[in-house]
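Enquirer: The structure follows.
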Amino acid sequence: MPVRAETADLDQEAYNAITATSKVMKHAALRLFADEGITDSQFQALFLLVNNGPMLMRKMSDEMLVTPANVTGIVDRLEEKSLVRRTPGKGDRRATIIEITPEGEKLYERVAKKKANLVKKTLAAFTKD
(Lines give C-alpha, C1' and ligand atoms only; values in the text may rest on other atoms or scores of the structure.)
Protein backbone atom coordinates (compact mmCIF):
# COMPACT_ATOMS: atom_id res chain seq x y z
CA MET A 1 0.00 0.00 0.00
CA PRO A 2 1.45 3.40 -0.89
CA VAL A 3 2.44 5.65 2.02
CA ARG A 4 -0.18 8.22 1.04
CA ALA A 5 -3.04 5.68 1.19
CA GLU A 6 -1.70 4.30 4.46
CA THR A 7 -1.68 7.79 5.98
CA ALA A 8 -5.21 8.40 4.74
CA ASP A 9 -6.34 5.13 6.36
CA LEU A 10 -4.73 6.11 9.67
CA ASP A 11 -6.31 9.55 9.49
CA GLN A 12 -9.70 7.96 8.86
CA GLU A 13 -9.23 5.57 11.79
CA ALA A 14 -8.35 8.50 14.07
CA TYR A 15 -11.36 10.44 12.81
CA ASN A 16 -13.66 7.46 13.42
CA ALA A 17 -12.27 6.99 16.95
CA ILE A 18 -12.75 10.65 17.80
CA THR A 19 -16.29 10.70 16.39
CA ALA A 20 -17.26 7.52 18.24
CA THR A 21 -15.77 8.85 21.49
CA SER A 22 -17.65 12.11 21.06
CA LYS A 23 -20.94 10.24 20.64
CA VAL A 24 -20.26 8.07 23.70
CA MET A 25 -19.41 11.15 25.78
CA LYS A 26 -22.48 13.05 24.59
CA HIS A 27 -24.83 10.18 25.42
CA ALA A 28 -23.21 9.64 28.82
CA ALA A 29 -23.44 13.37 29.60
CA LEU A 30 -27.12 13.44 28.59
CA ARG A 31 -27.80 10.49 30.93
CA LEU A 32 -25.90 12.28 33.71
CA PHE A 33 -27.94 15.45 33.17
CA ALA A 34 -31.20 13.48 33.05
CA ASP A 35 -30.29 11.71 36.31
CA GLU A 36 -29.86 15.16 37.88
CA GLY A 37 -33.16 16.41 36.43
CA ILE A 38 -31.71 18.91 33.96
CA THR A 39 -31.01 19.11 30.24
CA ASP A 40 -27.83 19.88 28.34
CA SER A 41 -29.13 23.41 27.63
CA GLN A 42 -29.98 23.97 31.29
CA PHE A 43 -26.49 22.85 32.28
CA GLN A 44 -25.03 25.24 29.72
CA ALA A 45 -27.09 28.11 31.19
CA LEU A 46 -25.89 27.27 34.70
CA PHE A 47 -22.31 27.13 33.40
CA LEU A 48 -22.65 30.64 31.98
CA LEU A 49 -24.04 31.99 35.24
CA VAL A 50 -21.34 30.34 37.35
CA ASN A 51 -18.59 31.69 35.10
CA ASN A 52 -20.03 35.15 34.33
CA GLY A 53 -22.26 36.01 37.27
CA PRO A 54 -25.76 37.46 36.76
CA MET A 55 -26.54 38.00 33.09
CA LEU A 56 -29.13 39.69 30.94
CA MET A 57 -31.32 37.14 29.23
CA ARG A 58 -30.32 38.64 25.87
CA LYS A 59 -26.62 38.10 26.68
CA MET A 60 -27.34 34.50 27.68
CA SER A 61 -29.16 34.01 24.39
CA ASP A 62 -26.17 35.35 22.48
CA GLU A 63 -23.70 33.21 24.44
CA MET A 64 -25.75 30.04 23.96
CA LEU A 65 -26.34 30.81 20.26
CA VAL A 66 -30.10 30.34 20.64
CA THR A 67 -33.11 32.60 20.29
CA PRO A 68 -34.33 34.72 23.22
CA ALA A 69 -37.54 32.63 23.22
CA ASN A 70 -35.47 29.48 23.67
CA VAL A 71 -33.62 31.01 26.63
CA THR A 72 -36.95 32.04 28.15
CA GLY A 73 -38.04 28.39 28.17
CA ILE A 74 -34.73 27.22 29.60
CA VAL A 75 -34.85 29.87 32.35
CA ASP A 76 -38.52 29.11 33.07
CA ARG A 77 -37.68 25.48 33.80
CA LEU A 78 -34.59 26.37 35.85
CA GLU A 79 -36.64 28.87 37.83
CA GLU A 80 -39.35 26.25 38.50
CA LYS A 81 -36.59 24.10 40.05
CA SER A 82 -35.34 27.08 42.12
CA LEU A 83 -31.95 26.91 40.37
CA VAL A 84 -32.07 30.49 39.04
CA ARG A 85 -34.05 33.66 39.71
CA ARG A 86 -35.06 36.57 37.55
CA THR A 87 -34.65 40.17 38.63
CA PRO A 88 -35.70 43.25 36.70
CA GLY A 89 -32.93 45.20 34.99
CA LYS A 90 -32.21 48.64 36.38
CA GLY A 91 -33.38 51.45 34.15
CA ASP A 92 -34.98 49.19 31.52
CA ARG A 93 -38.25 47.45 32.33
CA ARG A 94 -37.79 45.12 29.39
CA ALA A 95 -34.40 43.83 30.59
CA THR A 96 -34.35 40.78 32.81
CA ILE A 97 -31.30 39.67 34.73
CA ILE A 98 -30.81 35.99 35.50
CA GLU A 99 -28.81 34.89 38.51
CA ILE A 100 -28.00 31.48 39.88
CA THR A 101 -29.33 30.50 43.30
CA PRO A 102 -27.31 28.65 45.96
CA GLU A 103 -29.25 25.49 45.01
CA GLY A 104 -28.29 26.06 41.38
CA GLU A 105 -24.63 26.47 42.32
CA LYS A 106 -24.66 23.23 44.33
CA LEU A 107 -26.27 21.32 41.49
CA TYR A 108 -23.88 22.80 38.93
CA GLU A 109 -20.80 21.93 41.01
CA ARG A 110 -22.01 18.36 41.58
CA VAL A 111 -22.81 17.78 37.91
CA ALA A 112 -19.65 19.52 36.66
CA LYS A 113 -17.49 17.22 38.81
CA LYS A 114 -19.30 14.13 37.53
CA LYS A 115 -19.00 15.37 33.95
CA ALA A 116 -15.27 16.11 34.36
CA ASN A 117 -14.72 12.58 35.70
CA LEU A 118 -16.67 11.18 32.77
CA VAL A 119 -14.55 13.10 30.26
CA LYS A 120 -11.31 12.14 31.99
CA LYS A 121 -12.29 8.47 32.09
CA THR A 122 -13.37 8.44 28.44
CA LEU A 123 -10.27 10.22 27.17
CA ALA A 124 -7.91 8.01 29.20
CA ALA A 125 -8.01 5.47 26.37
CA PHE A 126 -6.34 7.94 24.01
CA THR A 127 -2.57 8.12 23.75
CA LYS A 128 -0.52 11.05 22.45
CA ASP A 129 -0.02 9.07 19.25
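Residue numbering restarts at 1 for every chain of the C-alpha coordinates, chains are lettered A, B, ... in their displayed order, and ligands are numbered from 1 as they appear.
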Segment 103-116 of chain A: which residues within 10 Å, counting only C-alpha atoms, same-chain residues fewer than 5 positions away excluded, as a count of residues only?

Expert: 27

Enquirer: I'd like to know which of A:Thr72, A:Asn52, A:Thr67, A:Thr127 is closest to Ile100 of chain A, using only C-alpha atoms.

Expert: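 Between A:Thr72, A:Asn52, A:Thr67, A:Thr127, the residue approaching Ile100 of chain A most closely is A:Asn52.
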
Enquirer: Once DSSP has gone over the backbone, tell me which residues of chain A are in strand (DSSP E), as number ranges by chain.

Expert: A: 55-56, 84-88, 96-100

Enquirer: Using only C-alpha atoms, which residues sit within 8 Å of Pro68 of chain A once same-chain residues fewer than 4 positions away are excluded, as JSON, numbers by chain?

Expert: {"A": [57, 58, 61, 72]}

Enquirer: Export, as a PDB file, in the first residue's frame, the selected residues with N, CA, C and O atoms.

Expert:
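Saved to part19.pdb:
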ATOM      1  N   MET A  57     -30.852  38.265  30.019  1.00  0.00           N
ATOM      2  CA  MET A  57     -31.321  37.138  29.226  1.00  0.00           C
ATOM      3  C   MET A  57     -30.831  37.239  27.789  1.00  0.00           C
ATOM      4  O   MET A  57     -30.482  36.236  27.176  1.00  0.00           O
ATOM      5  N   ARG A  58     -30.783  38.454  27.256  1.00  0.00           N
ATOM      6  CA  ARG A  58     -30.319  38.642  25.871  1.00  0.00           C
ATOM      7  C   ARG A  58     -28.865  38.190  25.727  1.00  0.00           C
ATOM      8  O   ARG A  58     -28.490  37.553  24.746  1.00  0.00           O
ATOM      9  N   SER A  61     -28.730  34.463  25.707  1.00  0.00           N
ATOM     10  CA  SER A  61     -29.163  34.009  24.391  1.00  0.00           C
ATOM     11  C   SER A  61     -28.010  34.070  23.397  1.00  0.00           C
ATOM     12  O   SER A  61     -27.764  33.114  22.649  1.00  0.00           O
ATOM     13  N   THR A  72     -35.812  31.855  27.237  1.00  0.00           N
ATOM     14  CA  THR A  72     -36.949  32.041  28.152  1.00  0.00           C
ATOM     15  C   THR A  72     -37.453  30.696  28.654  1.00  0.00           C
ATOM     16  O   THR A  72     -37.681  30.514  29.854  1.00  0.00           O
TER      17      THR A  72
END

Enquirer: From a DSSP pass on the backbone, collect the residues of chain A flagged as helix (DSSP H, G or I) and hand them back as a ChimeraX atom specification.

Expert: /A:3-35,40-52,57-64,68-80,102-123

Enquirer: So, counting only C-alpha atoms, which residue among A:Thr101, A:Asn70, A:Asn16, A:Ser22 is closest to Leu118 of chain A?

Expert: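 The answer is A:Ser22, which sits nearest to Leu118 of chain A.
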
Enquirer: Could you tell me how far atom CA of Arg93 of chain A lies from atom CA of Met55 of chain A, in Å and to one decimal?

Expert: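 Atom-to-atom, atom CA of Arg93 of chain A to atom CA of Met55 of chain A, that is 15.1 Å.
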